[in-house]
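*Asks:* This one is final_31.cif, mmCIF, C-alpha atoms.
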data_my_file
loop_
_atom_site.group_PDB
_atom_site.id
_atom_site.type_symbol
_atom_site.label_atom_id
_atom_site.label_comp_id
_atom_site.auth_asym_id
_atom_site.auth_seq_id
_atom_site.Cartn_x
_atom_site.Cartn_y
_atom_site.Cartn_z
ATOM 1 C CA MET A 1 -7.010 42.344 0.494
ATOM 2 C CA GLU A 2 -7.996 43.050 4.096
ATOM 3 C CA ILE A 3 -7.351 46.404 5.760
ATOM 4 C CA GLY A 4 -7.030 46.672 9.543
ATOM 5 C CA PHE A 5 -6.175 49.285 12.144
ATOM 6 C CA ASN A 6 -4.363 49.330 15.461
ATOM 7 C CA LEU A 7 -6.634 49.867 18.450
ATOM 8 C CA PRO A 8 -4.956 52.153 21.018
ATOM 9 C CA ILE A 9 -4.596 50.295 24.317
ATOM 10 C CA SER A 10 -1.897 52.480 25.862
ATOM 11 C CA GLY A 11 -1.338 56.109 26.706
ATOM 12 C CA PRO A 12 -4.130 58.660 27.176
ATOM 13 C CA MET A 13 -6.490 56.770 24.859
ATOM 14 C CA ALA A 14 -6.414 53.576 26.936
ATOM 15 C CA THR A 15 -9.804 54.117 28.565
ATOM 16 C CA ALA A 16 -12.833 51.852 28.424
ATOM 17 C CA GLU A 17 -14.968 54.417 26.632
ATOM 18 C CA THR A 18 -12.333 55.424 24.075
ATOM 19 C CA MET A 19 -11.324 51.876 23.202
ATOM 20 C CA ALA A 20 -14.964 50.825 22.766
ATOM 21 C CA ASN A 21 -15.755 53.858 20.643
ATOM 22 C CA ILE A 22 -12.718 53.417 18.388
ATOM 23 C CA ALA A 23 -13.347 49.672 17.969
ATOM 24 C CA GLN A 24 -16.980 50.272 17.058
ATOM 25 C CA LEU A 25 -16.033 53.091 14.697
ATOM 26 C CA GLY A 26 -13.553 50.852 12.882
ATOM 27 C CA GLU A 27 -16.187 48.159 12.558
ATOM 28 C CA SER A 28 -18.743 50.619 11.165
ATOM 29 C CA LEU A 29 -16.214 52.010 8.665
ATOM 30 C CA GLY A 30 -15.612 48.558 7.217
ATOM 31 C CA PHE A 31 -12.147 47.717 8.509
ATOM 32 C CA SER A 32 -11.646 43.953 8.414
ATOM 33 C CA TYR A 33 -9.763 43.663 11.689
ATOM 34 C CA LEU A 34 -8.342 45.561 14.626
ATOM 35 C CA THR A 35 -5.027 44.863 16.315
ATOM 36 C CA LEU A 36 -3.893 44.871 19.936
ATOM 37 C CA THR A 37 -0.282 45.119 21.108
ATOM 38 C CA ASP A 38 1.334 43.332 24.054
ATOM 39 C CA HIS A 39 3.530 44.796 26.765
ATOM 40 C CA ILE A 40 3.128 44.131 30.464
ATOM 41 C CA ALA A 41 5.990 46.061 32.083
ATOM 42 C CA LEU A 42 8.126 48.763 30.463
ATOM 43 C CA PRO A 43 11.167 50.726 31.662
ATOM 44 C CA ASP A 44 10.499 54.215 32.977
ATOM 45 C CA THR A 45 12.144 55.915 30.023
ATOM 46 C CA SER A 46 11.026 57.430 26.751
ATOM 47 C CA THR A 47 13.700 55.548 24.805
ATOM 48 C CA PRO A 48 13.723 51.858 25.795
ATOM 49 C CA GLY A 49 15.257 50.676 22.509
ATOM 50 C CA TYR A 50 12.065 50.130 20.496
ATOM 51 C CA PRO A 51 13.308 48.435 17.308
ATOM 52 C CA TYR A 52 10.657 49.801 14.931
ATOM 53 C CA SER A 53 11.393 53.538 15.025
ATOM 54 C CA THR A 54 14.465 55.457 13.989
ATOM 55 C CA THR A 55 14.913 57.019 17.449
ATOM 56 C CA GLY A 56 14.159 53.952 19.558
ATOM 57 C CA GLU A 57 11.163 55.702 21.080
ATOM 58 C CA PHE A 58 7.639 54.288 21.167
ATOM 59 C CA TYR A 59 5.231 56.104 18.865
ATOM 60 C CA THR A 60 2.523 56.156 21.540
ATOM 61 C CA PRO A 61 2.720 58.808 24.263
ATOM 62 C CA ASP A 62 2.991 57.356 27.784
ATOM 63 C CA PRO A 63 3.479 53.744 26.564
ATOM 64 C CA GLY A 64 3.813 52.422 30.124
ATOM 65 C CA ASN A 65 0.141 53.153 30.801
ATOM 66 C CA ARG A 66 -1.130 50.067 29.014
ATOM 67 C CA VAL A 67 -3.970 47.611 29.555
ATOM 68 C CA GLU A 68 -3.220 43.895 29.270
ATOM 69 C CA GLN A 69 -3.649 42.470 25.781
ATOM 70 C CA LEU A 70 -5.731 39.321 26.262
ATOM 71 C CA THR A 71 -8.048 40.827 28.858
ATOM 72 C CA THR A 72 -8.653 43.723 26.479
ATOM 73 C CA ALA A 73 -9.210 41.405 23.520
ATOM 74 C CA ALA A 74 -12.017 39.664 25.399
ATOM 75 C CA TRP A 75 -13.511 42.992 26.450
ATOM 76 C CA VAL A 76 -13.354 44.427 22.916
ATOM 77 C CA ALA A 77 -14.962 41.261 21.573
ATOM 78 C CA ALA A 78 -17.952 41.978 23.792
ATOM 79 C CA LYS A 79 -18.176 45.535 22.441
ATOM 80 C CA THR A 80 -18.148 44.520 18.750
ATOM 81 C CA SER A 81 -19.956 41.963 16.621
ATOM 82 C CA LYS A 82 -18.102 41.207 13.410
ATOM 83 C CA ILE A 83 -14.638 42.771 13.226
ATOM 84 C CA ARG A 84 -11.776 40.313 13.702
ATOM 85 C CA ILE A 85 -9.477 40.739 16.690
ATOM 86 C CA VAL A 86 -5.768 40.331 15.954
ATOM 87 C CA LEU A 87 -3.059 40.007 18.594
ATOM 88 C CA ALA A 88 -0.249 42.094 17.131
ATOM 89 C CA VAL A 89 1.607 40.422 18.491
ATOM 90 C CA MET A 90 1.269 38.310 21.604
ATOM 91 C CA VAL A 91 4.679 37.863 23.228
ATOM 92 C CA VAL A 92 4.510 34.108 23.636
ATOM 93 C CA PRO A 93 6.993 33.720 26.557
ATOM 94 C CA HIS A 94 4.891 36.100 28.686
ATOM 95 C CA ARG A 95 2.342 33.376 29.485
ATOM 96 C CA PRO A 96 2.710 29.646 30.182
ATOM 97 C CA ALA A 97 1.464 27.591 27.244
ATOM 98 C CA VAL A 98 -1.353 25.760 29.028
ATOM 99 C CA LEU A 99 -2.727 28.986 30.488
ATOM 100 C CA ALA A 100 -2.382 30.885 27.215
ATOM 101 C CA SER A 101 -4.098 28.125 25.237
ATOM 102 C CA LYS A 102 -7.101 28.360 27.572
ATOM 103 C CA GLN A 103 -7.194 32.166 27.421
ATOM 104 C CA LEU A 104 -7.022 32.185 23.640
ATOM 105 C CA SER A 105 -9.608 29.466 23.108
ATOM 106 C CA THR A 106 -11.904 31.306 25.523
ATOM 107 C CA ILE A 107 -11.566 34.535 23.534
ATOM 108 C CA ASP A 108 -12.242 32.659 20.297
ATOM 109 C CA VAL A 109 -15.363 31.053 21.753
ATOM 110 C CA LEU A 110 -16.695 34.247 23.333
ATOM 111 C CA SER A 111 -16.050 36.290 20.185
ATOM 112 C CA GLY A 112 -17.787 33.789 17.919
ATOM 113 C CA GLY A 113 -14.569 32.763 16.181
ATOM 114 C CA ARG A 114 -13.061 36.198 15.501
ATOM 115 C CA LEU A 115 -9.609 35.775 17.047
ATOM 116 C CA VAL A 116 -6.321 35.849 15.126
ATOM 117 C CA VAL A 117 -3.272 34.857 17.163
ATOM 118 C CA GLY A 118 -0.365 36.997 16.076
ATOM 119 C CA ILE A 119 2.790 35.832 17.838
ATOM 120 C CA GLY A 120 6.345 36.913 18.535
ATOM 121 C CA ALA A 121 9.223 35.910 20.787
ATOM 122 C CA GLY A 122 9.651 39.373 22.327
ATOM 123 C CA TRP A 123 12.588 41.778 22.301
ATOM 124 C CA LEU A 124 12.648 43.647 25.631
ATOM 125 C CA GLN A 125 14.918 41.727 27.992
ATOM 126 C CA VAL A 126 14.031 43.502 31.240
ATOM 127 C CA GLU A 127 10.318 42.932 30.600
ATOM 128 C CA LEU A 128 10.684 39.268 29.763
ATOM 129 C CA GLU A 129 12.884 38.682 32.781
ATOM 130 C CA ALA A 130 10.309 40.353 35.041
ATOM 131 C CA VAL A 131 7.268 38.615 33.550
ATOM 132 C CA GLY A 132 8.415 35.278 32.161
ATOM 133 C CA THR A 133 9.427 32.090 33.865
ATOM 134 C CA THR A 134 11.914 31.067 31.166
ATOM 135 C CA PRO A 135 15.326 32.583 30.294
ATOM 136 C CA PHE A 136 15.437 35.539 27.898
ATOM 137 C CA ALA A 137 18.155 33.875 25.826
ATOM 138 C CA GLU A 138 15.855 30.898 25.239
ATOM 139 C CA ARG A 139 12.831 32.937 24.153
ATOM 140 C CA GLY A 140 12.942 31.610 20.586
ATOM 141 C CA ALA A 141 12.958 27.985 21.700
ATOM 142 C CA VAL A 142 10.294 28.784 24.298
ATOM 143 C CA THR A 143 8.085 30.370 21.651
ATOM 144 C CA ASP A 144 8.424 27.396 19.325
ATOM 145 C CA GLU A 145 7.634 24.893 22.066
ATOM 146 C CA PHE A 146 4.760 26.894 23.557
ATOM 147 C CA MET A 147 3.114 27.190 20.140
ATOM 148 C CA ASP A 148 3.503 23.460 19.504
ATOM 149 C CA ALA A 149 1.963 22.780 22.907
ATOM 150 C CA MET A 150 -0.928 25.166 22.287
ATOM 151 C CA ARG A 151 -1.688 23.623 18.911
ATOM 152 C CA ALA A 152 -1.734 20.191 20.534
ATOM 153 C CA ILE A 153 -4.069 21.409 23.268
ATOM 154 C CA TRP A 154 -6.386 23.029 20.729
ATOM 155 C CA THR A 155 -6.611 20.022 18.417
ATOM 156 C CA GLN A 156 -6.292 16.869 20.557
ATOM 157 C CA PRO A 157 -9.365 15.595 22.445
ATOM 158 C CA ARG A 158 -7.116 14.634 25.371
ATOM 159 C CA PRO A 159 -3.921 16.561 24.787
ATOM 160 C CA VAL A 160 -0.550 15.016 25.439
ATOM 161 C CA PHE A 161 2.553 17.157 25.201
ATOM 162 C CA HIS A 162 5.931 16.774 26.860
ATOM 163 C CA GLY A 163 8.654 19.305 26.163
ATOM 164 C CA LYS A 164 11.395 21.108 28.018
ATOM 165 C CA TYR A 165 9.109 23.836 29.342
ATOM 166 C CA THR A 166 5.588 22.369 29.081
ATOM 167 C CA HIS A 167 4.048 19.083 30.194
ATOM 168 C CA ILE A 168 0.403 18.117 29.960
ATOM 169 C CA GLU A 169 -1.252 14.684 29.942
ATOM 170 C CA GLY A 170 -4.458 13.262 31.366
ATOM 171 C CA LEU A 171 -6.145 16.644 31.685
ATOM 172 C CA LEU A 172 -9.126 18.154 29.910
ATOM 173 C CA THR A 173 -8.762 21.660 28.519
ATOM 174 C CA ASP A 174 -12.081 22.324 26.806
ATOM 175 C CA PRO A 175 -13.599 24.326 25.261
ATOM 176 C CA LYS A 176 -11.687 24.034 22.029
ATOM 177 C CA PRO A 177 -11.568 27.105 19.774
ATOM 178 C CA ILE A 178 -14.497 27.612 17.421
ATOM 179 C CA GLN A 179 -12.150 28.032 14.464
ATOM 180 C CA LYS A 180 -10.736 24.761 13.179
ATOM 181 C CA PRO A 181 -8.187 23.442 13.584
ATOM 182 C CA HIS A 182 -7.428 26.559 15.653
ATOM 183 C CA PRO A 183 -7.422 30.360 15.256
ATOM 184 C CA PRO A 184 -5.165 31.599 12.448
ATOM 185 C CA ILE A 185 -1.556 32.125 13.511
ATOM 186 C CA TRP A 186 0.220 35.200 12.146
ATOM 187 C CA VAL A 187 3.926 35.096 12.915
ATOM 188 C CA GLY A 188 5.514 38.471 13.468
ATOM 189 C CA GLY A 189 9.173 39.294 13.070
ATOM 190 C CA GLU A 190 11.651 39.981 10.315
ATOM 191 C CA SER A 191 14.735 38.063 11.481
ATOM 192 C CA GLY A 192 15.797 34.643 10.238
ATOM 193 C CA PRO A 193 14.417 32.733 13.259
ATOM 194 C CA SER A 194 11.095 34.579 13.031
ATOM 195 C CA MET A 195 10.769 33.818 9.344
ATOM 196 C CA ARG A 196 11.634 30.163 9.907
ATOM 197 C CA ARG A 197 8.897 30.053 12.564
ATOM 198 C CA ALA A 198 6.429 31.566 10.109
ATOM 199 C CA ALA A 199 7.444 29.067 7.442
ATOM 200 C CA ARG A 200 6.942 26.162 9.831
ATOM 201 C CA ILE A 201 3.636 27.001 11.544
ATOM 202 C CA GLY A 202 2.293 30.324 10.279
ATOM 203 C CA ASP A 203 -0.929 30.920 8.430
ATOM 204 C CA ALA A 204 0.615 34.302 7.615
ATOM 205 C CA TRP A 205 3.918 36.105 7.913
ATOM 206 C CA TYR A 206 3.339 39.417 9.711
ATOM 207 C CA PRO A 207 6.317 41.780 9.365
ATOM 208 C CA ILE A 208 6.726 45.456 10.229
ATOM 209 C CA GLY A 209 8.620 47.332 7.532
ATOM 210 C CA THR A 210 10.579 49.644 9.817
ATOM 211 C CA ASN A 211 12.708 47.191 11.800
ATOM 212 C CA ASN A 212 16.062 48.952 11.565
ATOM 213 C CA ALA A 213 17.939 45.645 11.610
ATOM 214 C CA HIS A 214 15.800 44.027 8.876
ATOM 215 C CA LEU A 215 14.289 46.769 6.736
ATOM 216 C CA LEU A 216 11.280 45.997 4.564
ATOM 217 C CA ASP A 217 10.402 49.645 4.015
ATOM 218 C CA THR A 218 10.443 49.824 0.205
ATOM 219 C CA LEU A 219 8.724 47.826 -2.494
ATOM 220 C CA PRO A 220 11.927 46.070 -3.671
ATOM 221 C CA ARG A 221 12.889 45.131 -0.104
ATOM 222 C CA LEU A 222 9.432 43.799 0.720
ATOM 223 C CA THR A 223 9.266 41.913 -2.594
ATOM 224 C CA ALA A 224 12.554 40.221 -1.738
ATOM 225 C CA GLY A 225 11.297 39.418 1.760
ATOM 226 C CA ILE A 226 8.172 37.771 0.365
ATOM 227 C CA ALA A 227 10.230 35.699 -2.069
ATOM 228 C CA LYS A 228 12.386 34.608 0.863
ATOM 229 C CA ILE A 229 9.459 33.566 3.077
ATOM 230 C CA ARG A 230 7.866 31.642 0.226
ATOM 231 C CA ALA A 231 11.120 29.758 -0.404
ATOM 232 C CA MET A 232 11.443 29.003 3.315
ATOM 233 C CA THR A 233 7.831 27.797 3.451
ATOM 234 C CA ALA A 234 8.455 25.422 0.561
ATOM 235 C CA ALA A 235 11.634 24.192 2.255
ATOM 236 C CA ALA A 236 9.569 23.480 5.372
ATOM 237 C CA GLY A 237 7.357 21.167 3.311
ATOM 238 C CA ARG A 238 4.360 23.477 3.152
ATOM 239 C CA ASP A 239 2.569 25.111 0.222
ATOM 240 C CA PRO A 240 3.947 28.659 -0.117
ATOM 241 C CA ALA A 241 0.830 29.718 -2.023
ATOM 242 C CA LYS A 242 -1.170 29.233 1.175
ATOM 243 C CA MET A 243 1.064 31.534 3.226
ATOM 244 C CA GLY A 244 -0.641 34.853 3.846
ATOM 245 C CA ILE A 245 1.407 38.048 3.981
ATOM 246 C CA VAL A 246 0.165 40.784 6.304
ATOM 247 C CA TYR A 247 2.125 44.045 6.427
ATOM 248 C CA ARG A 248 2.035 46.247 9.521
ATOM 249 C CA VAL A 249 2.386 50.001 8.938
ATOM 250 C CA LYS A 250 3.445 52.031 11.964
ATOM 251 C CA ARG A 251 3.181 55.459 10.306
ATOM 252 C CA HIS A 252 1.677 56.496 6.980
ATOM 253 C CA GLY A 253 1.273 59.660 4.931
ATOM 254 C CA MET A 254 4.368 61.293 6.401
ATOM 255 C CA PRO A 255 6.931 63.112 4.244
ATOM 256 C CA ALA A 256 10.162 61.160 4.299
ATOM 257 C CA PRO A 257 13.518 61.094 2.507
ATOM 258 C CA LEU A 258 14.241 58.223 0.184
ATOM 259 C CA ALA A 259 15.178 54.964 1.859
ATOM 260 C CA SER A 260 18.780 53.844 1.937
ATOM 261 C CA ASP A 261 18.190 51.720 -1.178
ATOM 262 C CA GLY A 262 17.187 54.849 -3.115
ATOM 263 C CA ASN A 263 13.461 54.091 -3.282
ATOM 264 C CA ARG A 264 10.523 55.907 -1.700
ATOM 265 C CA LYS A 265 9.592 54.413 1.638
ATOM 266 C CA LEU A 266 6.279 52.595 1.534
ATOM 267 C CA PHE A 267 3.259 54.584 2.734
ATOM 268 C CA THR A 268 5.042 57.910 2.826
ATOM 269 C CA GLY A 269 3.898 60.899 0.827
ATOM 270 C CA THR A 270 0.421 61.670 -0.475
ATOM 271 C CA VAL A 271 -2.930 59.911 -0.377
ATOM 272 C CA ALA A 272 -2.283 58.918 -3.979
ATOM 273 C CA ASN A 273 0.980 57.297 -2.853
ATOM 274 C CA THR A 274 -0.877 55.313 -0.193
ATOM 275 C CA ILE A 275 -3.415 54.043 -2.728
ATOM 276 C CA GLU A 276 -0.560 53.247 -5.127
ATOM 277 C CA ASP A 277 1.286 51.304 -2.412
ATOM 278 C CA ILE A 278 -1.791 49.284 -1.455
ATOM 279 C CA ALA A 279 -2.226 48.249 -5.087
ATOM 280 C CA ALA A 280 1.463 47.415 -5.428
ATOM 281 C CA LEU A 281 1.463 45.275 -2.290
ATOM 282 C CA LYS A 282 -1.623 43.408 -3.439
ATOM 283 C CA GLU A 283 0.150 42.715 -6.716
ATOM 284 C CA ILE A 284 3.131 41.087 -4.952
ATOM 285 C CA GLY A 285 0.922 38.856 -2.808
ATOM 286 C CA VAL A 286 0.201 40.850 0.361
ATOM 287 C CA THR A 287 -3.134 39.708 1.793
ATOM 288 C CA GLY A 288 -3.606 42.302 4.529
ATOM 289 C CA ILE A 289 -2.304 45.685 5.674
ATOM 290 C CA ASP A 290 -2.969 47.433 8.974
ATOM 291 C CA PHE A 291 -2.526 51.093 9.803
ATOM 292 C CA ASP A 292 -1.981 53.059 13.003
ATOM 293 C CA PHE A 293 -4.156 56.016 14.011
ATOM 294 C CA GLU A 294 -2.905 56.359 17.578
ATOM 295 C CA GLY A 295 -2.225 59.666 19.246
ATOM 296 C CA LYS A 296 -3.016 61.770 22.267
ATOM 297 C CA GLU A 297 -6.621 62.635 21.429
ATOM 298 C CA ALA A 298 -9.499 60.262 20.717
ATOM 299 C CA GLU A 299 -11.298 62.857 18.603
ATOM 300 C CA LYS A 300 -8.320 63.276 16.282
ATOM 301 C CA SER A 301 -7.819 59.517 15.928
ATOM 302 C CA ALA A 302 -11.495 59.070 15.064
ATOM 303 C CA ALA A 303 -11.294 61.909 12.546
ATOM 304 C CA ASP A 304 -8.165 60.397 10.987
ATOM 305 C CA MET A 305 -9.901 57.017 10.629
ATOM 306 C CA LYS A 306 -12.909 58.616 8.936
ATOM 307 C CA LYS A 307 -10.623 60.583 6.642
ATOM 308 C CA PHE A 308 -8.701 57.406 5.755
ATOM 309 C CA HIS A 309 -11.994 55.685 4.970
ATOM 310 C CA ASN A 310 -13.135 58.499 2.715
ATOM 311 C CA GLU A 311 -9.823 59.080 0.940
ATOM 312 C CA VAL A 312 -8.435 55.533 0.776
ATOM 313 C CA LEU A 313 -10.759 52.679 1.732
ATOM 314 C CA SER A 314 -13.598 53.936 -0.434
ATOM 315 C CA ARG A 315 -11.259 54.092 -3.437
ATOM 316 C CA ILE A 316 -9.597 50.677 -3.373
#
Represent the structure contained in this file as structure tokens.
*Replies:*
Amino acid sequence: MEIGFNLPISGPMATAETMANIAQLGESLGFSYLTLTDHIALPDTSTPGYPYSTTGEFYTPDPGNRVEQLTTAAWVAAKTSKIRIVLAVMVVPHRPAVLASKQLSTIDVLSGGRLVVGIGAGWLQVELEAVGTTPFAERGAVTDEFMDAMRAIWTQPRPVFHGKYTHIEGLLTDPKPIQKPHPPIWVGGESGPSMRRAARIGDAWYPIGTNNAHLLDTLPRLTAGIAKIRAMTAAAGRDPAKMGIVYRVKRHGMPAPLASDGNRKLFTGTVANTIEDIAALKEIGVTGIDFDFEGKEAEKSAADMKKFHNEVLSRI
């Protein structure tokens, strides 16, 4: 099982020095990958309806102060040498498919093949309407088509693709990604359409457990979710055994009441509970877990990562 961490790219920690230091620290501590989030424009409010917290607030202080995801991924790649760089997730409708395919293949080439393309359709309507060139209501269809177009561009010597939103023919788009046939695609999201997308094109399903509309916050709920994605993958004509499962943890080690199904919420409680949960998730087929150490102070985040390494990573 791989263990990753979320690199802070927003709030007071979104500085060149801090991001480089945290990325290099994670690499030295033996984390397998780091993750980068994707927002371009946020409302000027502390509660914009974030779907992954109980209050609707972002966990990160000052979330509107945020560097752009793909630019930062390329920059972090230059500051590290071996840790994988995961987009967690890239909001696909933010960027036209032909442009995004070039940006992503460039990052893969410049990083020496360390990119993982986590994807999602997006949830914040005002942001997508400000940034995107396609309708918010069509974001699912846009995401599906853009990903099909990108995969064609990455794998065809002279790509041809004609869809509703994307057309390319007779143009060269090299370099191709180093990873073949293309960088791994981790499909985020817990809803039916997101899971169908993962079943159709994903190398891994990449859920967050705390989506209030689709909770996967306890072992029984996550076990059921994994059974569902495997059945959907088989129905899509693909081998469910080859579908990775990567679980994104927004907060860990916090005291919490029992979940609404009567079970302890995953990754709440003691260090022993965290180690127990990692083992349990590995047993049900989870292939990766990433944790969040964001906050207001770089020194505290670094200390928390070192503590996690000593208390958890070194014992699993």
*Asks:* Using the chain letters and numbers from the file, give me the residues hit by the PyMOL selection byres ((chain A and resi 3) around 8), as a tab-separated table (two decimals) with C-alpha atoms, keeping the file's coordinate frame.
*Replies:*
chain	number	residue	atom	x	y	z
A	1	MET	CA	-7.01	42.34	0.49
A	2	GLU	CA	-8.00	43.05	4.10
A	4	GLY	CA	-7.03	46.67	9.54
A	5	PHE	CA	-6.18	49.28	12.14
A	31	PHE	CA	-12.15	47.72	8.51
A	32	SER	CA	-11.65	43.95	8.41
A	33	TYR	CA	-9.76	43.66	11.69
A	288	GLY	CA	-3.61	42.30	4.53
A	289	ILE	CA	-2.30	45.68	5.67
A	290	ASP	CA	-2.97	47.43	8.97
A	291	PHE	CA	-2.53	51.09	9.80
*Asks:* Run the PyMOL selection byres ((chain A and resi 7-10) around 7) on the file and write out the hits as a ChimeraX atom specification.
*Replies:* /A:5-6,11-14,19,23,34-36,63,65-67,294
*Asks:* When you look at segment 219-232 of chain A with a cut-off of 7 Å (counting all atoms listed in the file), what residues show up, excluding the ones that are within fewer than 6 positions of it in the same chain? I need them as a compact mmCIF listing (two decimals) with C-alpha atoms, keeping the file's coordinate frame.
*Replies:*
# COMPACT_ATOMS: atom_id res chain seq x y z
CA MET A 195 10.77 33.82 9.34
CA ARG A 196 11.63 30.16 9.91
CA ALA A 199 7.44 29.07 7.44
CA PRO A 240 3.95 28.66 -0.12
CA LEU A 266 6.28 52.60 1.53
CA ILE A 284 3.13 41.09 -4.95
*Asks:* Starting from the point (15.2, 52.5, -2.7), work out which residues of protein, DNA or RNA have an atom no more than 10 Å away when counting all atoms listed in the file; state them as an MDAnalysis selection string.
*Replies:* chainID A and resid 217:221 258:266
*Asks:* With the PyMOL selection byres ((chain A and resi 104) around 10) as the selection, what would be picked from this file? Answer as a list in words, please.
*Replies:*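 With the shown file as input, the PyMOL selection byres ((chain A and resi 104) around 10) matches Leu70, Ala73, Ala74, Leu99, Ala100, Ser101, Lys102, Gln103, Ser105, Thr106, Ile107, Asp108, Val109, Leu110, Leu115, Val116, Val117, Met150, Trp154, Lys176, Pro177, His182 and Pro183 of chain A.
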*Asks:* Taking all atoms listed in the file into account, name the residue in A:Val126, A:Ala88, A:Val131, A:Ile185 that is nearest to Ile208 of chain A.
*Replies:*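 Answer, going by the shortest atom-to-atom distance: A:Ala88.
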*Asks:* Rank nothing, just name the residue among A:Met147, A:Ala204, A:Ala78, A:Gly188 nearest to Val286 of chain A, using all atoms listed in the file.
*Replies:*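 Answer, going by the shortest atom-to-atom distance: A:Ala204.
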*Asks:* Using all atoms listed in the file, which residue out of A:Arg251, A:Phe308, A:Asp239, A:Arg95 lies closest to Ala272 of chain A?
*Replies:* A:Phe308
*Asks:* Find the spatial neighbours of Arg158 of chain A, counting all atoms listed in the file, within a cut-off of 7 Å - ignore same-chain residues fewer than 3 positions away - and output them as number ranges by chain.
*Replies:* A: 170-172
*Asks:* Counting only C-alpha atoms, which residue out of A:His214, A:His94, A:Lys82, A:Arg139 sits closest to Leu29 of chain A?
*Replies:*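 Among the listed residues, the smallest separation from Leu29 of chain A belongs to A:Lys82.
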*Asks:* In Å, how far is it from atom CA of Leu25 of chain A to atom CA of Ala303 of chain A?
*Replies:*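 The value is 10.2 Å.
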*Asks:* In Å, rounded to a single decimal, give me how far atom CA of Thr268 of chain A is from atom CA of Ser28 of chain A.
*Replies:* 26.2 Å
*Asks:* Calculated over all atoms listed in the file, which of the candidates A:Thr210, A:Ser314, A:Thr18, A:Thr173 has the smallest distance to Ala97 of chain A?
*Replies:* A:Thr173
*Asks:* From the set A:Lys180, A:Glu17, A:Glu129, A:Met305, which residue has the shortest atom-to-atom contact distance to Ala41 of chain A, counting only C-alpha atoms?
*Replies:* A:Glu129
*Asks:* Quote the spacing between atom CA of Ile85 of chain A and atom CA of Asp304 of chain A in Å to one decimal place.
*Replies:*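 Computing it gives 20.5 Å between the two atoms.
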